[in-house]
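**Student:** Structure: start-v2.cif, mmCIF, C-alpha atoms and all ligand atoms.
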data_protein
#
loop_
_atom_site.label_atom_id
_atom_site.label_comp_id
_atom_site.auth_asym_id
_atom_site.auth_seq_id
_atom_site.Cartn_x
_atom_site.Cartn_y
_atom_site.Cartn_z
CA ASP A 1 9.06 22.93 -16.39
CA GLN A 2 5.47 21.73 -16.06
CA SER A 3 4.18 23.85 -18.95
CA SER A 4 6.03 21.64 -21.41
CA ALA A 5 4.80 18.48 -19.74
CA THR A 6 1.86 17.66 -21.99
CA ALA A 7 2.06 14.09 -20.81
CA SER A 8 0.00 11.60 -22.72
CA HIS A 9 1.49 8.93 -20.49
CA GLY A 10 2.61 8.69 -16.90
CA GLY A 11 6.31 8.94 -16.11
CA ALA A 12 8.43 5.93 -15.15
CA ILE A 13 10.61 6.43 -12.08
CA GLY A 14 13.83 4.56 -11.46
CA MET A 15 15.47 4.94 -8.07
CA HIS A 16 18.84 3.37 -7.55
CA GLY A 17 20.90 3.07 -4.38
CA ILE A 18 19.05 5.87 -2.58
CA LYS A 19 20.40 6.74 0.87
CA LYS A 20 19.34 9.64 3.04
CA TRP A 21 20.90 10.81 6.28
CA PHE A 22 19.54 13.51 8.58
CA GLY A 23 22.71 14.20 10.59
CA ASN A 24 23.72 10.83 12.02
CA PHE A 25 20.30 9.29 11.45
CA GLN A 26 19.79 7.24 8.31
CA ALA A 27 16.14 7.59 7.22
CA VAL A 28 16.53 5.74 3.90
CA ASN A 29 18.96 2.84 3.52
CA ASP A 30 19.90 1.81 -0.02
CA VAL A 31 16.50 1.81 -1.72
CA SER A 32 16.20 0.79 -5.35
CA LEU A 33 12.76 0.81 -6.99
CA GLU A 34 11.34 0.78 -10.50
CA ILE A 35 7.93 2.47 -10.68
CA ARG A 36 6.29 1.83 -14.05
CA SER A 37 4.64 4.33 -16.34
CA ASN A 38 0.89 4.66 -15.66
CA GLU A 39 1.08 2.66 -12.45
CA PHE A 40 -0.72 3.17 -9.14
CA PHE A 41 2.25 2.51 -6.89
CA THR A 42 2.06 2.56 -3.09
CA LEU A 43 4.77 3.00 -0.46
CA LEU A 44 3.42 1.20 2.61
CA GLY A 45 4.95 0.94 6.05
CA PRO A 46 4.69 1.93 9.70
CA SER A 47 5.26 5.47 10.91
CA GLY A 48 8.87 6.56 10.59
CA CYS A 49 9.92 3.92 8.03
CA GLY A 50 11.01 6.57 5.51
CA LYS A 51 8.16 6.60 3.00
CA THR A 52 7.53 10.36 3.17
CA THR A 53 11.26 11.02 2.87
CA LEU A 54 11.36 8.88 -0.27
CA LEU A 55 8.36 10.74 -1.71
CA ARG A 56 9.93 14.13 -0.90
CA MET A 57 13.06 13.10 -2.79
CA ILE A 58 10.96 12.29 -5.88
CA ALA A 59 9.28 15.69 -5.49
CA GLY A 60 12.60 17.50 -5.01
CA PHE A 61 11.88 18.81 -1.49
CA GLU A 62 14.80 16.69 -0.22
CA LEU A 63 18.04 15.71 -1.94
CA PRO A 64 19.28 12.12 -1.60
CA SER A 65 22.59 11.79 0.25
CA GLU A 66 23.49 9.12 -2.31
CA GLY A 67 21.89 7.50 -5.32
CA SER A 68 20.09 8.42 -8.51
CA ILE A 69 16.47 9.19 -9.38
CA ARG A 70 15.48 8.96 -13.02
CA LEU A 71 12.26 10.02 -14.70
CA ASP A 72 11.72 8.36 -18.07
CA GLY A 73 15.42 7.60 -18.08
CA ALA A 74 16.68 11.14 -17.35
CA GLU A 75 18.38 11.98 -14.04
CA ILE A 76 16.27 14.39 -11.95
CA ALA A 77 17.81 14.11 -8.46
CA HIS A 78 19.53 17.52 -8.84
CA LEU A 79 16.50 19.40 -10.27
CA MET A 80 14.45 21.94 -8.28
CA PRO A 81 10.87 20.85 -7.46
CA ASN A 82 9.37 23.23 -10.05
CA GLN A 83 11.68 21.86 -12.74
CA ARG A 84 10.20 18.38 -12.39
CA PRO A 85 6.97 17.30 -14.15
CA VAL A 86 5.84 16.06 -10.75
CA ASN A 87 3.14 17.38 -8.42
CA THR A 88 2.20 16.57 -4.83
CA VAL A 89 -1.10 16.30 -2.95
CA PHE A 90 -0.65 16.80 0.77
CA GLN A 91 -2.65 15.42 3.68
CA ASN A 92 -3.86 18.87 4.78
CA TYR A 93 -4.92 19.88 1.19
CA ALA A 94 -3.10 23.29 1.52
CA LEU A 95 -5.87 25.10 -0.40
CA PHE A 96 -6.19 28.91 -0.50
CA PRO A 97 -9.25 29.75 1.64
CA HIS A 98 -9.80 33.21 0.12
CA LEU A 99 -9.97 31.83 -3.44
CA THR A 100 -12.84 30.06 -5.19
CA VAL A 101 -12.71 26.42 -6.17
CA ALA A 102 -11.98 27.37 -9.80
CA GLU A 103 -9.26 29.85 -8.77
CA ASN A 104 -7.62 27.22 -6.58
CA ILE A 105 -7.60 24.70 -9.42
CA GLY A 106 -6.24 27.24 -11.92
CA PHE A 107 -3.66 28.71 -9.54
CA GLY A 108 -0.67 26.71 -10.77
CA LEU A 109 -1.49 27.40 -14.42
CA LYS A 110 -1.81 31.13 -13.70
CA MET A 111 1.63 31.09 -12.04
CA LEU A 112 2.98 29.50 -15.21
CA GLY A 113 1.56 32.45 -17.18
CA LYS A 114 -0.93 30.42 -19.18
CA PRO A 115 -3.51 32.34 -21.25
CA LYS A 116 -6.88 32.92 -19.56
CA ALA A 117 -8.85 30.87 -22.09
CA GLU A 118 -6.58 27.89 -21.65
CA ILE A 119 -6.83 28.09 -17.85
CA GLU A 120 -10.63 28.24 -18.05
CA ALA A 121 -10.74 25.20 -20.33
CA VAL A 122 -8.47 23.14 -18.08
CA VAL A 123 -10.34 24.21 -14.93
CA ALA A 124 -13.66 23.17 -16.51
CA GLU A 125 -12.16 19.82 -17.47
CA MET A 126 -10.75 19.30 -13.97
CA LEU A 127 -14.04 20.25 -12.29
CA LYS A 128 -15.73 17.61 -14.42
CA LEU A 129 -13.02 15.05 -13.65
CA VAL A 130 -13.58 15.39 -9.88
CA HIS A 131 -17.38 15.77 -10.17
CA LEU A 132 -17.53 19.37 -8.86
CA GLU A 133 -18.94 21.06 -12.01
CA ALA A 134 -21.51 23.04 -10.01
CA ARG A 135 -19.07 24.28 -7.34
CA GLY A 136 -16.49 26.28 -9.33
CA ASN A 137 -17.62 29.64 -7.93
CA ASN A 138 -17.84 28.56 -4.30
CA LEU A 139 -15.18 29.47 -1.81
CA VAL A 140 -13.31 26.32 -0.80
CA THR A 141 -14.34 26.98 2.80
CA GLN A 142 -17.96 26.34 1.73
CA LEU A 143 -17.06 22.77 0.78
CA SER A 144 -17.00 19.57 2.83
CA GLY A 145 -13.72 17.85 3.69
CA GLY A 146 -14.15 15.28 0.92
CA GLN A 147 -14.95 17.99 -1.63
CA GLN A 148 -11.89 20.01 -0.54
CA GLN A 149 -9.79 16.91 -1.05
CA ARG A 150 -11.12 16.65 -4.60
CA VAL A 151 -10.25 20.31 -5.24
CA ALA A 152 -6.71 19.61 -4.02
CA LEU A 153 -6.52 16.68 -6.44
CA ALA A 154 -7.85 18.76 -9.33
CA ARG A 155 -5.34 21.52 -8.59
CA ALA A 156 -2.46 19.04 -8.57
CA LEU A 157 -3.65 17.39 -11.81
CA ALA A 158 -4.32 20.64 -13.70
CA PRO A 159 -0.71 21.23 -14.92
CA ARG A 160 -0.76 17.61 -16.23
CA PRO A 161 2.23 16.29 -14.32
CA LYS A 162 3.76 13.00 -15.43
CA VAL A 163 3.79 11.84 -11.83
CA LEU A 164 1.41 12.64 -8.98
CA LEU A 165 2.72 12.11 -5.45
CA LEU A 166 0.11 11.59 -2.72
CA ASP A 167 1.18 11.74 0.92
CA GLU A 168 -1.57 10.12 3.03
CA PRO A 169 -4.17 12.31 1.28
CA LEU A 170 -7.17 10.50 2.79
CA SER A 171 -6.14 10.30 6.43
CA ALA A 172 -8.18 13.36 7.48
CA LEU A 173 -11.42 11.87 6.14
CA ASP A 174 -13.85 9.68 8.05
CA LEU A 175 -13.98 5.97 7.19
CA LYS A 176 -16.95 6.03 4.80
CA LEU A 177 -15.66 9.03 2.86
CA ARG A 178 -12.19 7.51 2.78
CA LYS A 179 -13.58 4.34 1.20
CA SER A 180 -15.36 6.27 -1.54
CA MET A 181 -12.30 8.49 -2.16
CA GLN A 182 -10.16 5.35 -2.54
CA ILE A 183 -12.35 4.28 -5.47
CA GLU A 184 -12.35 7.87 -6.76
CA LEU A 185 -8.54 8.08 -6.71
CA LYS A 186 -8.22 4.80 -8.55
CA ARG A 187 -10.62 6.08 -11.21
CA LEU A 188 -8.69 9.38 -11.54
CA GLN A 189 -5.45 7.49 -12.01
CA ALA A 190 -6.95 5.24 -14.68
CA GLU A 191 -8.63 8.13 -16.52
CA THR A 192 -5.62 10.47 -16.56
CA GLY A 193 -2.93 7.83 -17.15
CA ILE A 194 -0.66 9.73 -14.76
CA THR A 195 1.68 7.64 -12.61
CA PHE A 196 0.49 7.84 -8.99
CA VAL A 197 2.89 7.29 -6.09
CA PHE A 198 0.81 6.98 -2.94
CA VAL A 199 2.07 6.92 0.65
CA THR A 200 0.08 5.23 3.41
CA HIS A 201 0.52 3.26 6.62
CA ASP A 202 -2.94 1.68 6.09
CA GLN A 203 -2.52 -1.82 4.67
CA GLU A 204 -6.14 -2.18 3.63
CA GLU A 205 -5.97 1.10 1.70
CA ALA A 206 -2.81 -0.11 -0.05
CA LEU A 207 -4.39 -3.46 -1.01
CA THR A 208 -7.55 -1.75 -2.30
CA MET A 209 -5.94 0.82 -4.58
CA SER A 210 -2.53 -0.27 -5.78
CA ASP A 211 -1.25 -1.94 -8.90
CA ARG A 212 1.90 -2.66 -6.90
CA ILE A 213 3.02 -2.05 -3.34
CA ALA A 214 6.48 -1.54 -1.82
CA VAL A 215 6.46 -2.55 1.86
CA MET A 216 9.00 -0.54 3.85
CA SER A 217 10.54 -0.93 7.29
CA GLN A 218 13.30 1.10 8.93
CA GLY A 219 14.40 2.87 5.77
CA GLU A 220 14.44 -0.26 3.60
CA VAL A 221 12.11 -1.76 1.02
CA ARG A 222 11.34 -5.27 2.26
CA GLN A 223 9.15 -6.49 -0.63
CA VAL A 224 7.60 -5.20 -3.85
CA GLY A 225 4.64 -6.86 -5.52
CA ALA A 226 1.01 -6.84 -6.58
CA PRO A 227 -1.44 -6.73 -3.65
CA TRP A 228 -2.11 -10.50 -3.88
CA GLU A 229 1.63 -11.24 -3.82
CA ILE A 230 2.20 -9.06 -0.77
CA TYR A 231 -0.74 -10.71 0.99
CA ASP A 232 -0.49 -14.36 -0.16
CA ARG A 233 3.25 -14.61 -0.76
CA PRO A 234 4.91 -12.51 1.95
CA ALA A 235 8.66 -13.05 1.76
CA GLU A 236 9.40 -12.39 5.41
CA ARG A 237 7.86 -12.17 8.85
CA PHE A 238 7.65 -8.37 8.92
CA VAL A 239 5.60 -8.24 5.69
CA ALA A 240 3.33 -11.14 6.74
CA ASP A 241 2.74 -9.52 10.11
CA PHE A 242 2.20 -5.98 8.84
CA ILE A 243 -0.36 -7.01 6.19
CA GLY A 244 -3.46 -8.62 7.65
CA GLU A 245 -3.69 -11.38 10.21
CA THR A 246 -1.66 -14.52 9.95
CA ASN A 247 -0.60 -17.84 11.46
CA PHE A 248 3.07 -18.74 11.72
CA ILE A 249 4.03 -22.43 12.01
CA ASP A 250 7.52 -23.86 12.39
CA VAL A 251 8.01 -26.80 10.02
CA ASP A 252 10.71 -29.01 8.49
CA VAL A 253 11.52 -28.94 4.79
CA VAL A 254 11.15 -32.45 3.34
CA SER A 255 12.02 -31.75 -0.31
CA VAL A 256 12.31 -28.79 -2.66
CA GLY A 257 11.06 -28.53 -6.28
CA THR A 258 11.30 -25.62 -8.72
CA ASP A 259 8.59 -23.46 -7.14
CA ARG A 260 7.08 -25.61 -4.37
CA ALA A 261 8.60 -27.37 -1.39
CA LEU A 262 7.10 -30.13 0.72
CA VAL A 263 7.08 -29.31 4.43
CA ARG A 264 6.29 -31.44 7.50
CA LEU A 265 3.95 -29.97 10.11
CA PRO A 266 4.48 -30.74 13.83
CA SER A 267 1.69 -33.35 13.52
CA GLY A 268 3.73 -35.20 10.90
CA ALA A 269 1.37 -34.26 8.04
CA GLU A 270 3.09 -32.98 4.90
CA ILE A 271 1.80 -30.11 2.76
CA PRO A 272 3.19 -28.17 -0.23
CA ALA A 273 4.43 -24.62 0.30
CA THR A 274 5.61 -21.84 -2.00
CA PHE A 275 8.79 -19.91 -1.22
CA PRO A 276 10.26 -16.50 -2.18
CA ALA A 277 12.07 -16.33 -5.52
CA GLY A 278 15.81 -16.64 -5.16
CA THR A 279 15.68 -18.64 -1.92
CA GLN A 280 16.49 -22.33 -1.35
CA PRO A 281 14.58 -23.44 1.76
CA SER A 282 16.10 -26.21 3.89
CA GLY A 283 15.98 -27.53 7.44
CA LYS A 284 13.69 -25.73 9.87
CA VAL A 285 11.63 -22.90 8.36
CA THR A 286 8.52 -20.89 9.22
CA ILE A 287 5.41 -21.00 7.04
CA VAL A 288 2.53 -18.54 6.88
CA ILE A 289 -1.11 -19.59 6.59
CA ARG A 290 -3.81 -16.91 6.44
CA PRO A 291 -6.82 -17.49 8.75
CA GLU A 292 -9.31 -17.68 5.86
CA HIS A 293 -7.21 -20.40 4.19
CA ALA A 294 -7.97 -22.85 6.99
CA SER A 295 -11.25 -24.48 8.02
CA ALA A 296 -12.54 -26.45 10.97
CA THR A 297 -13.45 -30.13 10.76
CA ALA A 298 -14.89 -32.55 13.28
CA SER A 299 -12.34 -35.26 12.41
CA ALA A 300 -9.48 -34.04 14.59
CA ALA A 301 -7.58 -37.34 14.34
CA THR A 302 -7.03 -37.25 10.58
CA ALA A 303 -6.68 -33.48 9.98
CA PRO A 304 -3.19 -31.99 9.37
CA LEU A 305 -3.56 -29.83 12.50
CA SER A 306 -5.82 -30.13 15.54
CA GLY A 307 -6.43 -28.41 18.83
CA THR A 308 -8.91 -26.95 21.28
CA ILE A 309 -10.96 -23.80 20.69
CA HIS A 310 -10.02 -21.25 23.37
CA ASP A 311 -11.75 -18.16 22.01
CA ILE A 312 -14.53 -17.31 19.55
CA VAL A 313 -14.75 -13.75 18.20
CA TYR A 314 -17.88 -12.76 16.28
CA LEU A 315 -17.34 -9.92 13.78
CA GLY A 316 -20.59 -9.81 11.78
CA THR A 317 -19.16 -10.80 8.40
CA ASP A 318 -16.77 -13.39 9.91
CA THR A 319 -16.19 -15.39 13.04
CA HIS A 320 -12.66 -16.01 14.31
CA LEU A 321 -11.92 -19.31 16.02
CA HIS A 322 -8.74 -19.23 18.12
CA VAL A 323 -7.42 -22.77 18.49
CA ARG A 324 -4.72 -23.93 20.93
CA LEU A 325 -2.49 -26.48 19.14
CA ALA A 326 -0.72 -29.39 20.86
CA ASP A 327 2.57 -27.45 21.10
CA GLY A 328 0.81 -24.60 22.95
CA SER A 329 0.79 -22.16 20.03
CA SER A 330 -2.41 -20.48 18.88
CA PHE A 331 -3.91 -20.83 15.39
CA MET A 332 -6.69 -18.62 14.07
CA ILE A 333 -9.36 -19.74 11.60
CA ARG A 334 -11.58 -17.18 9.87
CA LEU A 335 -15.06 -18.54 9.14
CA GLN A 336 -17.19 -16.61 6.73
CA ASN A 337 -20.65 -16.15 8.22
CA ALA A 338 -22.51 -17.44 5.19
CA ARG A 339 -25.66 -18.04 7.26
CA SER A 340 -27.22 -15.99 10.03
CA GLY A 341 -27.18 -17.30 13.60
CA PRO A 342 -24.47 -18.66 15.91
CA CYS A 343 -21.36 -20.24 14.36
CA GLY A 344 -22.01 -23.70 15.81
CA TYR A 345 -18.70 -24.05 17.68
CA SER A 346 -18.06 -23.63 21.38
CA VAL A 347 -15.07 -22.85 23.57
CA GLY A 348 -13.35 -26.01 24.83
CA GLU A 349 -14.34 -28.04 21.78
CA GLU A 350 -11.63 -30.10 20.09
CA ILE A 351 -11.47 -29.68 16.30
CA GLY A 352 -9.31 -30.59 13.34
CA ILE A 353 -7.93 -27.88 11.04
CA GLU A 354 -7.95 -28.43 7.29
CA ILE A 355 -5.67 -26.27 5.16
CA SER A 356 -6.76 -25.20 1.67
CA ASP A 357 -4.67 -26.30 -1.31
CA ASP A 358 -1.56 -24.32 -2.13
CA VAL A 359 -1.85 -21.58 0.51
CA ALA A 360 1.24 -22.09 2.69
CA GLN A 361 4.21 -19.78 2.08
CA ILE A 362 7.72 -20.30 3.44
CA LEU A 363 9.37 -17.17 4.85
CA ARG A 364 12.91 -16.12 4.03
CA ASP A 365 15.30 -16.55 7.00
P1 LIG A 401 5.00 8.89 8.89
O1 LIG A 401 3.98 7.92 8.36
O2 LIG A 401 4.96 9.03 10.37
O3 LIG A 401 5.05 10.19 8.16
P2 LIG A 401 7.26 8.00 7.33
O4 LIG A 401 7.42 6.58 7.04
O5 LIG A 401 6.73 8.85 6.26
O6 LIG A 401 6.42 8.16 8.65
P3 LIG A 401 9.51 9.78 7.33
O7 LIG A 401 8.70 11.00 7.54
O8 LIG A 401 10.06 9.53 5.99
O9 LIG A 401 8.69 8.51 7.80
O10 LIG A 401 10.67 9.78 8.39
C1 LIG A 401 11.63 8.74 8.46
C2 LIG A 401 12.56 9.01 9.62
O11 LIG A 401 13.38 10.14 9.33
C3 LIG A 401 11.84 9.34 10.91
O12 LIG A 401 12.52 8.72 11.97
C4 LIG A 401 11.93 10.84 11.00
O13 LIG A 401 11.94 11.26 12.35
C5 LIG A 401 13.24 11.14 10.31
N1 LIG A 401 13.23 12.46 9.66
C6 LIG A 401 12.42 12.83 8.65
N2 LIG A 401 12.67 14.10 8.25
C7 LIG A 401 13.67 14.56 9.06
C8 LIG A 401 14.39 15.79 9.17
N3 LIG A 401 14.14 16.81 8.36
N4 LIG A 401 15.35 15.87 10.13
C9 LIG A 401 15.62 14.83 10.93
N5 LIG A 401 14.98 13.64 10.88
C10 LIG A 401 14.02 13.49 9.96
#
Do you think you could lay out the structure here as structure tokens?

**Tutor:**
Amino acid sequence: DQSSATASHGGAIGMHGIKKWFGNFQAVNDVSLEIRSNEFFTLLGPSGCGKTTLLRMIAGFELPSEGSIRLDGAEIAHLMPNQRPVNTVFQNYALFPHLTVAENIGFGLKMLGKPKAEIEAVVAEMLKLVHLEARGNNLVTQLSGGQQQRVALARALAPRPKVLLLDEPLSALDLKLRKSMQIELKRLQAETGITFVFVTHDQEEALTMSDRIAVMSQGEVRQVGAPWEIYDRPAERFVADFIGETNFIDVDVVSVGTDRALVRLPSGAEIPATFPAGTQPSGKVTIVIRPEHASATASAATAPLSGTIHDIVYLGTDTHLHVRLADGSSFMIRLQNARSGPCGYSVGEEIGIEISDDVAQILRD
């Protein structure tokens, strides 16, 4: 039980061959994941992809139809939720409105029969951790949404779980508050050393907070990696498309080395491209180039790509140039607005497109 979980480290979770059916519907299809001790790990994917179901199986609210879940090497898939050193923070906070902030935070410890002095010490520590020292005696209903979220976090952290599960905990907050809570959550994870497993459908949130991200689609994990790997080295079209904006170009593989291939663009220019581990690209493949990894040049004749600007979108920090290539496809360039004033390009203008070194990634078939 949680009373014995005086974790000085976060738990490591190993999921193997997890399948989950609801009647005839398969919500999770053969998921295997290793979540490391003391990691901020995010399950990211569109609505209905199975991330909450996966989280609920770690918590013990659902049983897997098949597969094993280990915590620090020991099987937990059959244990009741309260037998696992795991706690959950829900989207709607689920605080007790008739209790004070301190009583809410100490509630779990009281249920475990902890001595009063110990509860008071932990509550004081938790209030400090979430920067609510002065609010312990307030009713939670007297707090703002962001403060209530911090109480919910403190309550979940108070029994010192080895793993904290967070199911879209920031989605009820407005954008500014959400941004500051993202930084706050990352700090809490680092300070407590507890393993965080965070569920979101917001790709920017996932990139901001995570040590590693698992991108899910239709009950399957499509790719696991550090934020930069998910963004710069997407293994397949779904991942590239779901995370950020991107250009897809069909190319021919010219030659393949150990970790780079040479590919030929439709213009005939050849550029190096990385490819997913374990694949052997050949023939016709698709590469991904992010819009900020390309730039415009006046010398259209010698650039690896060229075309005509058909749209210019001004976004304050950036300007997007949408360029129609010779084959009719569209290519987007993201210009950083380093100076104030207009971007200097106009619709109808013909430009060349330069591609930065080592930015193209070949997708798996
Ligand atoms: P969201 O971001 O919308 O919460 P999600 O990725 O967390 O999506 P899940 O809640 O895990 O998705 O649901 C995955 C699929 O399983 C969905 O199609 C959902 O309708 C279905 N599902 C989840 N729970 C049940 C249940 N108890 N009975 C039947 N179907 C369910």

**Student:** Check every protein, DNA and RNA residue against ligand LIG 401 (chain A), keep those with an atom at most 9 Å away (counting all atoms listed in the file), and present them as an MDAnalysis selection string.

**Tutor:** chainID A and resid 20:23 25:28 43:56 62 167:168 199:201 216:219

**Student:** The selected residues should be written to file as a compact mmCIF listing (two decimals), in the coordinates of the input (atoms: C-alpha atoms).

**Tutor:**
# COMPACT_ATOMS: atom_id res chain seq x y z
CA LYS A 20 19.34 9.64 3.04
CA TRP A 21 20.90 10.81 6.28
CA PHE A 22 19.54 13.51 8.58
CA GLY A 23 22.71 14.20 10.59
CA PHE A 25 20.30 9.29 11.45
CA GLN A 26 19.79 7.24 8.31
CA ALA A 27 16.14 7.59 7.22
CA VAL A 28 16.53 5.74 3.90
CA LEU A 43 4.77 3.00 -0.46
CA LEU A 44 3.42 1.20 2.61
CA GLY A 45 4.95 0.94 6.05
CA PRO A 46 4.69 1.93 9.70
CA SER A 47 5.26 5.47 10.91
CA GLY A 48 8.87 6.56 10.59
CA CYS A 49 9.92 3.92 8.03
CA GLY A 50 11.01 6.57 5.51
CA LYS A 51 8.16 6.60 3.00
CA THR A 52 7.53 10.36 3.17
CA THR A 53 11.26 11.02 2.87
CA LEU A 54 11.36 8.88 -0.27
CA LEU A 55 8.36 10.74 -1.71
CA ARG A 56 9.93 14.13 -0.90
CA GLU A 62 14.80 16.69 -0.22
CA ASP A 167 1.18 11.74 0.92
CA GLU A 168 -1.57 10.12 3.03
CA VAL A 199 2.07 6.92 0.65
CA THR A 200 0.08 5.23 3.41
CA HIS A 201 0.52 3.26 6.62
CA MET A 216 9.00 -0.54 3.85
CA SER A 217 10.54 -0.93 7.29
CA GLN A 218 13.30 1.10 8.93
CA GLY A 219 14.40 2.87 5.77

**Student:** Out of A:Gln148, A:Ser329, A:Ser32, A:Ser37, which residue has the shortest atom-to-atom distance to Leu132 of chain A when counting all atoms listed in the file?

**Tutor:**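 Ranked by minimum distance to Leu132 of chain A, first place goes to A:Gln148.
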
**Student:** Which is closer to Val130 of chain A than all the others in A:Glu75, A:Met80, A:Ser171, A:Glu184, using all atoms listed in the file?

**Tutor:**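 Counting all atoms listed in the file, the residue closest to Val130 of chain A is A:Glu184.
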
**Student:** I'd like the contact shell of Leu262 of chain A - 8 Å cut-off, only C-alpha atoms, skipping same-chain residues fewer than 5 positions apart - returned as a list of chain:residue names.

**Tutor:**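 Final neighbour list, sorted by chain and number: A:Val253, A:Val254, A:Ser255, A:Val256, A:Glu270, A:Ile271, A:Pro272, A:Ala273.
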
**Student:** Any idea what the distance is between atom CA of Gln142 of chain A and atom CA of Lys186 of chain A?

**Tutor:**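 It comes out at 25.8 Å.
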
**Student:** To one decimal in Å, tell me the separation between atom CA of Pro159 of chain A and atom CA of His98 of chain A.

**Tutor:**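 Going from atom CA of Pro159 of chain A over to atom CA of His98 of chain A covers 21.3 Å.
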